[in-house]
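J.: To be precise about what I am sending: the file is called entry-v1.pdb and holds PDB, C-alpha atoms.
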MODEL        1
ATOM      1  CA  MET G   5     -36.895 -36.070  42.275
ATOM      2  CA  LYS G   6     -35.300 -34.592  39.198
ATOM      3  CA  VAL G   7     -31.865 -35.252  37.667
ATOM      4  CA  VAL G   8     -30.011 -31.938  37.436
ATOM      5  CA  GLY G   9     -26.630 -33.130  36.168
ATOM      6  CA  LYS G  10     -24.638 -36.192  35.103
ATOM      7  CA  ALA G  11     -20.989 -37.038  34.550
ATOM      8  CA  ALA G  12     -19.091 -40.182  33.620
ATOM      9  CA  ILE G  13     -16.371 -41.528  35.885
ATOM     10  CA  ASN G  14     -13.125 -43.179  34.836
ATOM     11  CA  GLN G  15     -13.107 -46.994  35.009
ATOM     12  CA  ASP G  16     -16.909 -46.969  34.912
ATOM     13  CA  THR G  17     -18.281 -50.422  35.740
ATOM     14  CA  GLU G  18     -21.569 -51.386  37.343
ATOM     15  CA  GLY G  19     -21.479 -51.026  41.119
ATOM     16  CA  ARG G  20     -18.220 -49.055  41.003
ATOM     17  CA  VAL G  21     -19.287 -46.236  43.358
ATOM     18  CA  ALA G  22     -19.733 -47.441  46.943
ATOM     19  CA  ASP G  23     -20.369 -44.132  48.736
ATOM     20  CA  VAL G  24     -20.537 -40.376  48.211
ATOM     21  CA  GLY G  25     -19.546 -37.554  50.532
ATOM     22  CA  VAL G  26     -19.853 -33.832  49.825
ATOM     23  CA  HIS G  27     -17.783 -30.970  51.238
ATOM     24  CA  ASN G  28     -17.441 -27.332  50.088
ATOM     25  CA  GLY G  29     -18.772 -27.891  46.566
ATOM     26  CA  TYR G  30     -16.891 -31.128  45.887
ATOM     27  CA  ALA G  31     -18.215 -34.673  45.792
ATOM     28  CA  TYR G  32     -15.985 -37.558  46.874
ATOM     29  CA  LEU G  33     -17.042 -40.893  45.357
ATOM     30  CA  ALA G  34     -15.628 -44.130  46.742
ATOM     31  CA  ALA G  35     -14.165 -46.321  43.980
ATOM     32  CA  PHE G  36     -15.259 -49.793  44.991
ATOM     33  CA  ARG G  37     -13.589 -53.005  43.873
ATOM     34  CA  ASP G  38     -13.038 -53.190  40.108
ATOM     35  CA  PRO G  39     -12.558 -56.493  38.248
ATOM     36  CA  SER G  40      -8.729 -56.303  38.455
ATOM     37  CA  CYS G  41      -8.591 -54.793  41.999
ATOM     38  CA  GLN G  42      -6.028 -52.237  40.826
ATOM     39  CA  LYS G  43      -7.930 -48.943  40.851
ATOM     40  CA  GLY G  44      -9.425 -48.367  44.291
ATOM     41  CA  GLY G  45      -9.599 -44.870  45.708
ATOM     42  CA  MET G  46     -11.722 -41.732  45.594
ATOM     43  CA  TYR G  47     -13.036 -39.836  42.581
ATOM     44  CA  VAL G  48     -13.245 -36.093  43.238
ATOM     45  CA  PHE G  49     -15.847 -34.063  41.351
ATOM     46  CA  ASP G  50     -16.379 -30.308  41.309
ATOM     47  CA  ILE G  51     -20.146 -29.930  41.809
ATOM     48  CA  LYS G  52     -20.335 -26.193  42.479
ATOM     49  CA  ASP G  53     -22.497 -26.078  39.363
ATOM     50  CA  PRO G  54     -24.546 -29.265  39.854
ATOM     51  CA  THR G  55     -25.762 -29.119  36.249
ATOM     52  CA  LYS G  56     -22.160 -29.614  35.053
ATOM     53  CA  PRO G  57     -20.243 -31.890  37.446
ATOM     54  CA  LYS G  58     -16.613 -32.392  36.426
ATOM     55  CA  GLN G  59     -14.058 -34.918  37.657
ATOM     56  CA  ILE G  60     -10.976 -33.052  38.881
ATOM     57  CA  ASN G  61      -8.949 -35.698  40.712
ATOM     58  CA  PHE G  62      -8.576 -39.358  41.608
ATOM     59  CA  ILE G  63      -6.979 -40.264  44.938
ATOM     60  CA  ARG G  64      -5.667 -43.837  44.904
ATOM     61  CA  THR G  65      -5.545 -46.275  47.737
ATOM     62  CA  GLY G  66      -2.962 -49.053  47.893
ATOM     63  CA  GLN G  67      -2.714 -51.619  45.117
ATOM     64  CA  ASP G  68      -5.057 -54.572  45.704
ATOM     65  CA  SER G  69      -7.078 -52.423  48.135
ATOM     66  CA  TYR G  70     -10.389 -50.678  47.529
ATOM     67  CA  VAL G  71     -12.697 -48.182  49.227
ATOM     68  CA  GLY G  72     -16.190 -49.023  50.463
ATOM     69  CA  GLU G  73     -18.814 -47.203  52.487
ATOM     70  CA  GLY G  74     -18.163 -44.544  55.096
ATOM     71  CA  SER G  75     -15.794 -42.041  53.492
ATOM     72  CA  GLN G  76     -15.990 -38.471  54.747
ATOM     73  CA  VAL G  77     -14.403 -35.003  54.490
ATOM     74  CA  ILE G  78     -14.369 -32.546  57.385
ATOM     75  CA  ARG G  79     -12.553 -29.369  58.336
ATOM     76  CA  ILE G  80     -10.086 -30.012  61.160
ATOM     77  CA  ASP G  81      -8.780 -27.081  63.187
ATOM     78  CA  THR G  82      -6.431 -28.278  65.928
ATOM     79  CA  PRO G  83      -3.104 -26.908  67.168
ATOM     80  CA  GLN G  84      -1.344 -29.555  64.999
ATOM     81  CA  PHE G  85      -3.346 -29.181  61.749
ATOM     82  CA  THR G  86      -5.801 -26.862  60.037
ATOM     83  CA  GLY G  87      -7.422 -27.906  56.784
ATOM     84  CA  ASP G  88      -9.873 -30.235  55.069
ATOM     85  CA  VAL G  89      -9.250 -33.940  55.649
ATOM     86  CA  LEU G  90     -10.653 -36.862  53.675
ATOM     87  CA  ALA G  91     -10.850 -40.207  55.477
ATOM     88  CA  PHE G  92     -11.602 -43.424  53.644
ATOM     89  CA  ASN G  93     -11.572 -47.086  54.552
ATOM     90  CA  ASN G  94      -9.358 -49.714  52.947
ATOM     91  CA  GLU G  95     -10.558 -53.226  52.215
ATOM     92  CA  ILE G  96      -8.419 -55.974  50.676
ATOM     93  CA  CYS G  97      -9.125 -57.724  47.373
ATOM     94  CA  GLY G  98      -9.286 -61.382  48.351
ATOM     95  CA  THR G  99      -5.855 -62.949  48.728
ATOM     96  CA  HIS G 100      -4.058 -60.304  46.663
ATOM     97  CA  ILE G 101      -1.397 -58.896  48.992
ATOM     98  CA  ASN G 102       1.744 -57.010  48.020
ATOM     99  CA  SER G 103       3.997 -54.304  49.455
ATOM    100  CA  THR G 104       1.563 -51.487  48.564
ATOM    101  CA  THR G 105      -1.641 -53.147  49.853
ATOM    102  CA  VAL G 106      -3.179 -51.240  52.766
ATOM    103  CA  GLY G 107      -5.871 -51.913  55.324
ATOM    104  CA  GLY G 108      -7.091 -49.521  58.014
ATOM    105  CA  ILE G 109      -7.910 -45.994  56.920
ATOM    106  CA  THR G 110      -6.220 -43.387  54.776
ATOM    107  CA  LEU G 111      -6.200 -39.682  55.703
ATOM    108  CA  VAL G 112      -5.665 -37.127  52.934
ATOM    109  CA  ASP G 113      -5.327 -33.337  53.006
ATOM    110  CA  VAL G 114      -7.893 -32.112  50.457
ATOM    111  CA  THR G 115      -7.793 -28.439  51.402
ATOM    112  CA  ASN G 116      -7.125 -28.052  47.667
ATOM    113  CA  PRO G 117      -9.169 -30.942  46.199
ATOM    114  CA  LYS G 118      -7.275 -30.714  42.891
ATOM    115  CA  VAL G 119      -3.921 -31.336  44.592
ATOM    116  CA  HIS G 120      -4.226 -33.867  47.409
ATOM    117  CA  LYS G 121      -1.567 -34.745  49.978
ATOM    118  CA  TYR G 122      -1.496 -38.108  51.742
ATOM    119  CA  LEU G 123      -1.198 -37.599  55.491
ATOM    120  CA  ALA G 124      -1.420 -41.230  56.703
ATOM    121  CA  GLN G 125      -2.100 -44.502  54.883
ATOM    122  CA  GLY G 126      -3.027 -47.893  56.270
ATOM    123  CA  VAL G 127      -3.452 -46.785  59.898
ATOM    124  CA  GLY G 128      -5.693 -48.553  62.376
ATOM    125  CA  ASP G 129      -5.782 -51.702  64.482
ATOM    126  CA  PHE G 130      -2.878 -54.139  64.121
ATOM    127  CA  GLU G 131      -3.802 -56.487  67.034
ATOM    128  CA  PRO G 132      -4.428 -59.339  66.764
ATOM    129  CA  VAL G 133      -2.382 -59.913  63.602
ATOM    130  CA  SER G 134      -4.457 -59.184  60.481
ATOM    131  CA  ARG G 135      -6.037 -62.186  58.772
ATOM    132  CA  ASN G 136      -4.568 -60.790  55.548
ATOM    133  CA  ALA G 137      -0.887 -60.374  56.447
ATOM    134  CA  PRO G 138       1.355 -59.541  59.405
ATOM    135  CA  GLY G 139       2.091 -55.815  59.552
ATOM    136  CA  LEU G 140      -1.125 -54.879  57.747
ATOM    137  CA  ALA G 141      -3.813 -52.907  59.597
ATOM    138  CA  HIS G 142      -7.175 -54.662  59.869
ATOM    139  CA  GLU G 143      -9.584 -54.065  57.005
ATOM    140  CA  VAL G 144     -12.069 -51.317  57.841
ATOM    141  CA  HIS G 145     -15.701 -51.289  56.735
ATOM    142  CA  SER G 146     -16.321 -47.580  57.339
ATOM    143  CA  THR G 147     -14.977 -44.559  59.178
ATOM    144  CA  PHE G 148     -16.438 -41.401  60.687
ATOM    145  CA  MET G 149     -14.510 -38.294  61.841
ATOM    146  CA  TRP G 150     -15.309 -35.362  64.082
ATOM    147  CA  ASP G 151     -13.527 -32.231  65.279
ATOM    148  CA  ALA G 152     -13.799 -31.701  69.050
ATOM    149  CA  GLY G 153     -12.016 -28.361  69.434
ATOM    150  CA  ASP G 154      -8.313 -28.933  70.139
ATOM    151  CA  LYS G 155      -8.730 -32.631  69.276
ATOM    152  CA  ALA G 156     -10.111 -34.554  66.303
ATOM    153  CA  TYR G 157     -11.084 -38.214  66.153
ATOM    154  CA  ALA G 158     -11.989 -40.994  63.743
ATOM    155  CA  VAL G 159     -13.948 -44.115  64.608
ATOM    156  CA  LEU G 160     -13.289 -47.210  62.482
ATOM    157  CA  VAL G 161     -15.581 -50.204  62.041
ATOM    158  CA  ASP G 162     -13.171 -53.148  62.093
ATOM    159  CA  ASP G 163     -13.942 -55.856  59.487
ATOM    160  CA  GLU G 164     -11.719 -58.409  61.200
ATOM    161  CA  GLU G 165     -13.076 -58.402  64.748
ATOM    162  CA  ASN G 166     -16.827 -58.947  65.001
ATOM    163  CA  ALA G 167     -17.667 -56.678  67.926
ATOM    164  CA  ASP G 168     -14.965 -54.071  67.520
ATOM    165  CA  VAL G 169     -14.713 -50.401  66.707
ATOM    166  CA  ASP G 170     -11.449 -48.526  67.006
ATOM    167  CA  ILE G 171     -11.030 -44.852  67.853
ATOM    168  CA  MET G 172      -8.076 -42.896  66.497
ATOM    169  CA  ASP G 173      -6.890 -39.491  67.705
ATOM    170  CA  ILE G 174      -6.359 -37.631  64.419
ATOM    171  CA  SER G 175      -5.606 -34.216  65.933
ATOM    172  CA  ASN G 176      -2.411 -34.504  63.903
ATOM    173  CA  PRO G 177      -3.707 -36.467  60.904
ATOM    174  CA  ALA G 178      -0.139 -37.141  59.736
ATOM    175  CA  ALA G 179       0.475 -39.082  62.966
ATOM    176  CA  PRO G 180      -2.803 -40.681  64.135
ATOM    177  CA  VAL G 181      -2.823 -42.602  67.416
ATOM    178  CA  LYS G 182      -5.186 -45.464  68.332
TER     179      LYS G 182
ENDMDL
END
Here is the file; what I need is its structure written in the form of structure tokens.

T.:
Amino acid sequence: MKVVGKAAINQDTEGRVADVGVHNGYAYLAAFRDPSCQKGGMYVFDIKDPTKPKQINFIRTGQDSYVGEGSQVIRIDTPQFTGDVLAFNNEICGTHINSTTVGGITLVDVTNPKVHKYLAQGVGDFEPVSRNAPGLAHEVHSTFMWDAGDKAYAVLVDDEENADVDIMDISNPAAPVK
């Protein structure tokens, strides 16, 4: 193996990157829990020239939430939506809960990775009531999406129910349905 390029990330602390996904010349790095739990989300790097990677965006998750393993970007082409969609999981920072904390998954239109558009935030399983707070989707460990023609789906690994995965219809990623 040979290193071909390096780049620093904002808020660089040891163990900060939990996962990496690549789509169409862009790398999406999951921003894992930082010491203050305020800067979770996804770093977006242009890696079309892998010798000179450059950070071009940061997509935040909710305050007191962070992203772990299992983020992904795919092209969805359904009657309701055509474009590139980023899905990432949301985990909660301990007992820190406020009005912008989210569990579940977040879906983001990254057709233009420099200018993202949130499609859905904090969607997932709400039953039984989350151990974190009523009205908050269960924390999700990871998510995986696929396009199945006229339909698209995401499977979520539920952190709050031991033997549970949840499947969401994301054919319209702005209005996912469990």

J.: Which residues come within 9 Å of G:Val114, counting only C-alpha atoms, excluding same-chain residues fewer than 4 positions away, as number ranges by chain?

T.: G: 77, 87-90, 118-122

J.: Could you list, with a cut-off of 12 Å and counting all atoms listed in the file, the residues of stretch 101-150 of chain G near stretch 25-33 of chain G, each shown with its nearest atom pair and the distance in Å rounded to one decimal, rows sorted by chain and ascending number, as JSON lines?

T.:
{"residue": "G:Val112", "atom": "CA", "partner": "G:Tyr32", "partner_atom": "CA", "distance": 12.0}
{"residue": "G:Val114", "atom": "CA", "partner": "G:His27", "partner_atom": "CA", "distance": 10.0}
{"residue": "G:Thr115", "atom": "CA", "partner": "G:Asn28", "partner_atom": "CA", "distance": 9.8}
{"residue": "G:Asn116", "atom": "CA", "partner": "G:Tyr30", "partner_atom": "CA", "distance": 10.4}
{"residue": "G:Pro117", "atom": "CA", "partner": "G:Tyr30", "partner_atom": "CA", "distance": 7.7}
{"residue": "G:Lys118", "atom": "CA", "partner": "G:Tyr30", "partner_atom": "CA", "distance": 10.1}
{"residue": "G:Phe148", "atom": "CA", "partner": "G:Gly25", "partner_atom": "CA", "distance": 11.3}

J.: To test your reading of the syntax: which residues would the PyMOL selection byres ((chain G and resi 83) around 10) return for the file shown? Reply as JSON, numbers by chain.

T.: {"G": [80, 81, 82, 84, 85, 86, 153, 154, 155, 175, 176]}

J.: Show me a table, sorted first by chain and then by increasing residue number, of the residues of stretch 82-144 of chain G having an atom at most 6 Å from stretch 49-66 of chain G, each with its shortest atom pair and the distance in Å to one decimal, counting all atoms listed in the file and written as JSON lines.

T.:
{"residue": "G:Thr104", "atom": "CA", "partner": "G:Gly66", "partner_atom": "CA", "distance": 5.2}
{"residue": "G:Thr105", "atom": "CA", "partner": "G:Gly66", "partner_atom": "CA", "distance": 4.7}
{"residue": "G:Val106", "atom": "CA", "partner": "G:Gly66", "partner_atom": "CA", "distance": 5.3}
{"residue": "G:Lys118", "atom": "CA", "partner": "G:Asn61", "partner_atom": "CA", "distance": 5.7}

J.: Select, from G:Asp113, G:Glu95, G:Asp173, G:Asp129, the residue with the minimum atom-to-atom distance to G:Glu73, counting only C-alpha atoms.

T.: G:Glu95

J.: Apply the PyMOL selection byres ((chain G and resi 165) around 12) to the structure shown and report the selected residues as a PyMOL selection string.

T.: chain G and resi 129-135+141-145+160-164+166-170

J.: Taking the file as shown, what set of residues would the PyMOL selection byres ((chain G and resi 103) around 12) give back, as a ChimeraX atom specification?

T.: /G:66-69,100-102,104-107,126,137-140

J.: Generate the output file for the selected residues, C-alpha atoms, as an mmCIF file, keeping the file's coordinate frame.

T.:
data_model
loop_
_atom_site.group_PDB
_atom_site.id
_atom_site.type_symbol
_atom_site.label_atom_id
_atom_site.label_comp_id
_atom_site.auth_asym_id
_atom_site.auth_seq_id
_atom_site.Cartn_x
_atom_site.Cartn_y
_atom_site.Cartn_z
ATOM 1 C CA GLY G 66 -2.962 -49.053 47.893
ATOM 2 C CA GLN G 67 -2.714 -51.619 45.117
ATOM 3 C CA ASP G 68 -5.057 -54.572 45.704
ATOM 4 C CA SER G 69 -7.078 -52.423 48.135
ATOM 5 C CA HIS G 100 -4.058 -60.304 46.663
ATOM 6 C CA ILE G 101 -1.397 -58.896 48.992
ATOM 7 C CA ASN G 102 1.744 -57.010 48.020
ATOM 8 C CA THR G 104 1.563 -51.487 48.564
ATOM 9 C CA THR G 105 -1.641 -53.147 49.853
ATOM 10 C CA VAL G 106 -3.179 -51.240 52.766
ATOM 11 C CA GLY G 107 -5.871 -51.913 55.324
ATOM 12 C CA GLY G 126 -3.027 -47.893 56.270
ATOM 13 C CA ALA G 137 -0.887 -60.374 56.447
ATOM 14 C CA PRO G 138 1.355 -59.541 59.405
ATOM 15 C CA GLY G 139 2.091 -55.815 59.552
ATOM 16 C CA LEU G 140 -1.125 -54.879 57.747
#

J.: When distances are computed from all atoms listed in the file, which of G:Val48, G:Trp150, G:Cys97, G:Lys43 shows the smallest separation from G:Ala11?

T.: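 Distance minimum relative to G:Ala11 lands on G:Val48.
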
J.: Quick check, in Å to one decimal: how far apart do atom CA of G:Gly9 and atom CA of G:Val24 lie?

T.: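 Taking atom CA of G:Gly9 and atom CA of G:Val24, their separation equals 15.3 Å.
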
J.: So how many Å separate atom CA of G:Met172 and atom CA of G:Val159, to one decimal?

T.: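 Taking atom CA of G:Met172 and atom CA of G:Val159, their separation equals 6.3 Å.
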
J.: Could you please determine the separation between atom CA of G:Ala152 and atom CA of G:Asp23 in Å, to one decimal place?

T.: 24.7 Å

J.: If we count all atoms listed in the file, what is near G:Pro177 at a cut-off of 8 Å, once residues fewer than 4 positions away on the same chain are taken out, given as a list of chain:residue names?

T.: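 Final neighbour list, sorted by chain and number: G:Phe85, G:Leu111, G:Leu123, G:Ala124.
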
J.: With C-alpha atoms retained, write the just-selected residues as a tab-separated table (two decimals), keeping the file's coordinate frame.

T.:
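Listed below is the output, part.tsv:
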chain	number	residue	atom	x	y	z
G	85	PHE	CA	-3.35	-29.18	61.75
G	111	LEU	CA	-6.20	-39.68	55.70
G	123	LEU	CA	-1.20	-37.60	55.49
G	124	ALA	CA	-1.42	-41.23	56.70

J.: For G:Tyr70, which of G:Ala34, G:Ala178, G:Ile13, G:Ala156 is the closest residue, counting all atoms listed in the file?

T.: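 Looking only at the distances to G:Tyr70, the closest residue turns out to be G:Ala34.
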
J.: Have a look at G:Phe92, G:Gly74, G:Arg79, G:Gly128 and name the one nearest to G:Ser146; count only C-alpha atoms.

T.: G:Gly74

J.: Step by step, gather every atom of stretch 99-118 of chain G that the file lists, find the box along x, y and z that holds them, add 3 Å on each side, and finally give centre and edge lengths in Å to one decimal, as AutoDock Vina command-line options.

T.:
--center_x -2.6 --center_y -45.5 --center_z 50.5 --size_x 19.2 --size_y 40.9 --size_z 21.1

J.: From the list G:Ala35, G:Cys41, G:Val127, G:Ile78, which residue is nearest G:Ile96 when using only C-alpha atoms?

T.: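 Looking only at the distances to G:Ile96, the closest residue turns out to be G:Cys41.
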